[in-house]
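The structure under discussion appears below in the form of structure tokens.
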Amino acid sequence: MATLVLPAPAKLNLFLHITGRRENGYHDLQTVFQFLDLHDVLSFTRTDNPNIELLCSAPELANDDNLVVRAARLLQQHSSVTQGARIVLEKRLPYGGGLGGGSSDAATTLLALNHLWQVHLSIEILMQLGAQLGADVPIFIFGHAAFAEGIGEKLTAIDPPQPWYLVVDPGVHISTAKLFNHPQLERQCEPIASSDWQLHNTYNVFEPLVREAYPEVANAYNWLVEYAPIRLTGTGACLFGAFESQEEARAVLARMPSRWNGFVARGLNESPVCQLLRQASTDNLTKQD
Ligand SMILES: C[C@](O)(CO)[C@H](O)COP(=O)(O)OP(=O)(O)OC[C@H]1O[C@@H](n2ccc(N)nc2=O)[C@H](O)[C@@H]1O
Ligand SMILES: Nc1ncnc2c1ncn2[C@@H]1O[C@H](COP(=O)(O)OP(=O)(O)OP(=O)(O)O)[C@@H](O)[C@H]1O
């Protein structure tokens with residue numbers, strides 16, 4: 001049986017503006033996605049029966065609602081394959097913090113099983129399938145840092161600087177749906193062109209709401225802002241600051257109050273999963289067991 005081992009990287013939203021609200025409740029937004037060199041690890045083994053079996057290092061995520069299982073079943077339905085998969089998910093990314101780990105796991109699953117089951121769907125079709133699972137899934141299939149519009153699925157590749165980030169997780173869980181429905185959310189940002197985007201002339205519209213509603217996020221913000229300009233990713237609760245060197249970011253991490261979790265990671269404009277799938281041959285990626 002062939003086994004394929006692939007990473008599923010985290011993302012940051014370098015800014016996040018909302019430009020309108022659709023009748024179905026979803027919002028039109030503008031954001032820049034960049035990947036981090038911190039990732040979950042997934043291993044996929046093709047099986048001859050159609051079952052999708054998930055083993056997960058986080059027991060609370062080992063169920064059929066996991067985006068990995070939902071992605072595998074969606075691809076099965078779409079392609080009528082008769083094979084299944086045994087999938088092992090090693091969670092390394094914090095979840096529910098705006099780093100998109102669940103969405104990234106789903107994207108890696110679509111890419112891996114498209115390859116293992118030899119479905120041969122194009123990246124564009126896989127992105128459309130991914131969008132059915134969540135607005136953050138397509139970027140991880142696209143595989144390059146991007147200026148995003150629509151609900152997050154219209155992507156223009158860009159190459160922002162790739163600094164070292166200190167990411168602080170204040171340990172607060174924030175419901176994405178609840179924040180998008182917040183009565184005070186700014187929903188009429190003036191649209192900007194991707195070529196005009198700069199970090200300093202943009203912001204995250206969720207940031208003031210999250211800092212007000214979650215005092216621990218405000219505390220983490222007030223601490224980190226002493227060291228670097230910082231921002232919220234997605235709807236939070238993770239905050240990030242950019243540094244020129246890994247050493248600088250690590251020195252600040254060493255001073256972080258122990259009640260929060262934090263890590264240092266490099267910003268990446270190329271997703272490692274897409275690089276691996278593109279560059280390595282099947283023989284390099286798969287091992288026979
Ligand atoms: C905040 C971001 O992480 C920024 O990248 C994404 O926009 C959210 O992406 P996601 O977690 O994949 O979100 P989904 O699972 O698709 O949607 C969760 C909920 O967020 C709201 N939602 C999400 C995306 C969007 N463009 N408009 C919305 O209003 C909807 O209420 C939806 O029910
Ligand atoms: N493979 C998965 N990994 C993590 N969470 C998952 C997974 N599958 C389903 N979930 C559910 O999705 C929720 C959000 O997880 P995720 O890590 O994608 O959130 P997030 O980092 O806030 O992402 P986003 O920025 O996309 O909102 C989790 O609390 C969990 O209940």
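By convention here, the chains of the structure tokens are called A, B, ... in the order presented, each chain's residues are numbered starting at 1, and ligands are numbered starting at 1 in the order presented.
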
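Environment of ligand 1, defined as every protein or nucleic acid residue with an atom within 7 Å of it and counting only C-alpha atoms and all ligand atoms, comprises Asn13, Gly25, Tyr26, His27, Asp28, Leu29, Gly98, Gly100, Ser103, Leu133, Gly134, Ala135, Asp136, Val137, Gly150, Ile151, Gly152, Thr176, Ala177, Phe180, Asn181, Gly234 and Thr235 of chain A.
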
Quick one: which chain A residues come within 8 Å of ligand 2, and what is the nearest atom pair for each with the distance in Å to one decimal, counting only C-alpha atoms and all ligand atoms, rows ordered by chain and ascending number, as a tab-separated table?
```
residue	atom	partner	partner_atom_place_in_ligand_line	distance
A:Lys11	CA	ligand 2	25 (O)	7.9
A:Leu61	CA	ligand 2	7 (C)	6.2
A:Asp65	CA	ligand 2	9 (C)	6.1
A:Asn66	CA	ligand 2	8 (N)	3.6
A:Leu67	CA	ligand 2	8 (N)	4.0
A:Val68	CA	ligand 2	1 (N)	5.5
A:Leu89	CA	ligand 2	1 (N)	7.6
A:Lys91	CA	ligand 2	3 (N)	7.0
A:Leu93	CA	ligand 2	17 (O)	7.3
A:Pro94	CA	ligand 2	17 (O)	6.5
A:Tyr95	CA	ligand 2	17 (O)	3.5
A:Gly96	CA	ligand 2	22 (O)	3.5
A:Gly97	CA	ligand 2	22 (O)	4.1
A:Gly98	CA	ligand 2	25 (O)	3.3
A:Leu99	CA	ligand 2	21 (O)	3.8
A:Gly100	CA	ligand 2	23 (O)	3.4
A:Gly101	CA	ligand 2	17 (O)	3.9
A:Gly102	CA	ligand 2	18 (O)	3.3
A:Ser103	CA	ligand 2	18 (O)	4.9
A:Ser104	CA	ligand 2	18 (O)	7.3
A:Asp105	CA	ligand 2	1 (N)	5.3
A:Ala106	CA	ligand 2	1 (N)	6.7
A:Gly134	CA	ligand 2	26 (O)	7.4
A:Ala135	CA	ligand 2	26 (O)	7.3
A:Asp136	CA	ligand 2	26 (O)	5.2
A:Val137	CA	ligand 2	26 (O)	7.8
A:His173	CA	ligand 2	29 (O)	7.8
A:Ile174	CA	ligand 2	22 (O)	7.5
A:Ser175	CA	ligand 2	22 (O)	7.8
A:Thr176	CA	ligand 2	27 (O)	5.7
A:Thr233	CA	ligand 2	25 (O)	7.2
A:Gly234	CA	ligand 2	25 (O)	4.9
A:Thr235	CA	ligand 2	25 (O)	6.5
A:Gly236	CA	ligand 2	22 (O)	6.7
A:Ala237	CA	ligand 2	22 (O)	7.8
```

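Picture a line from CA of Ala265 in chain A to CA of Ala220 in chain A; it runs 18.0 Å.
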
Would you mind listing what lies within 8 Å of Pro50 in chain A as a ChimeraX atom specification, with only C-alpha atoms counted and same-chain residues fewer than 5 positions away left out?
/A:82-85

Spatial neighbours of Asp37 in chain A, 9 Å, only C-alpha atoms, chain gap at least 6 places, as a PDB file with C-alpha atoms, in the first residue's frame:
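Written file, result29.pdb:
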```pdb
ATOM      1  CA  PRO A   9       0.831  24.800   6.944  1.00  0.00           C
ATOM      2  CA  ALA A  10      -0.763  27.586   8.963  1.00  0.00           C
ATOM      3  CA  ALA A 265       7.760  30.903  12.495  1.00  0.00           C
ATOM      4  CA  ARG A 266       8.895  32.231   9.150  1.00  0.00           C
ATOM      5  CA  GLY A 267       6.427  33.721   6.680  1.00  0.00           C
ATOM      6  CA  LEU A 268       6.334  31.696   3.447  1.00  0.00           C
ATOM      7  CA  SER A 271       3.138  26.454   0.458  1.00  0.00           C
ATOM      8  CA  PRO A 272       5.409  23.512   1.292  1.00  0.00           C
TER       9      PRO A 272
END
```

Could you pull out all residues of range 80-112 of chain A with a DSSP call of helix (DSSP H, G or I) and give them as a ChimeraX atom specification?
/A:101-112

Please produce, as a Markdown table, a per-residue contact table for range 137-203 of chain A versus range 211-215 of chain A (criterion: any atom at most 12 Å away, only C-alpha atoms considered), showing the nearest atom pair and its distance in Å to one decimal, sorted by chain then residue number.
```
| residue | atom | partner | partner_atom | distance |
| --- | --- | --- | --- | --- |
| A:Pro170 | CA | A:Tyr214 | CA | 9.7 |
| A:Gly171 | CA | A:Tyr214 | CA | 10.5 |
| A:Val172 | CA | A:Tyr214 | CA | 7.7 |
| A:His173 | CA | A:Tyr214 | CA | 9.6 |
| A:Ile174 | CA | A:Tyr214 | CA | 8.9 |
| A:Ser175 | CA | A:Tyr214 | CA | 11.9 |
| A:Lys178 | CA | A:Ala213 | CA | 11.7 |
| A:Leu179 | CA | A:Ala213 | CA | 10.1 |
| A:His182 | CA | A:Ala213 | CA | 10.7 |
| A:Gln184 | CA | A:Glu212 | CA | 11.3 |
```

For the structure I just gave you, how does DSSP split range 16-56 of chain A - specifically, which residues are strand (DSSP E or B)? Reply as a ChimeraX atom specification.
/A:16-21,27-47,52-56

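The two atoms in question, CA of Ala157 in chain A and CA of Ile139 in chain A, are spaced 10.0 Å apart.
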
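Across the structure, CA of Arg231 in chain A and CA of Val210 in chain A are spaced 11.4 Å apart.
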
Can you pull out the residues contacting range 111-126 of chain A? Cut-off 8 Å, using only C-alpha atoms, and skip same-chain residues under 3 positions away; I want them as a PyMOL selection string.
chain A and resi 2+4+6+44+46+72+75+79+81+83+107-108+129-130+138+141-142

Deliver the residues from the most recent selection as a file, using C-alpha atoms, as a PDB file, in the first residue's frame.
```pdb
ATOM      1  CA  ALA A   2       1.316   3.477  -0.862  1.00  0.00           C
ATOM      2  CA  LEU A   4       1.942   9.715   1.296  1.00  0.00           C
ATOM      3  CA  LEU A   6       2.472  15.774   3.616  1.00  0.00           C
ATOM      4  CA  PHE A  44      -2.427   9.004   3.814  1.00  0.00           C
ATOM      5  CA  ARG A  46      -4.820   4.201   0.143  1.00  0.00           C
ATOM      6  CA  ALA A  72     -12.044  12.923   1.700  1.00  0.00           C
ATOM      7  CA  LEU A  75     -13.675  14.019  -3.198  1.00  0.00           C
ATOM      8  CA  SER A  79     -15.059  11.470  -8.454  1.00  0.00           C
ATOM      9  CA  VAL A  81     -13.713   6.443  -6.716  1.00  0.00           C
ATOM     10  CA  GLN A  83     -11.004   3.335  -2.925  1.00  0.00           C
ATOM     11  CA  ALA A 107      -6.748  21.224   1.501  1.00  0.00           C
ATOM     12  CA  THR A 108      -3.842  18.830   2.014  1.00  0.00           C
ATOM     13  CA  LEU A 129     -14.504  21.704  -3.945  1.00  0.00           C
ATOM     14  CA  GLY A 130     -12.461  23.198  -1.093  1.00  0.00           C
ATOM     15  CA  PRO A 138      -8.941  27.411  -1.456  1.00  0.00           C
ATOM     16  CA  ILE A 141      -4.803  24.501  -2.561  1.00  0.00           C
ATOM     17  CA  PHE A 142      -3.700  27.567  -4.546  1.00  0.00           C
TER      18      PHE A 142
END
```
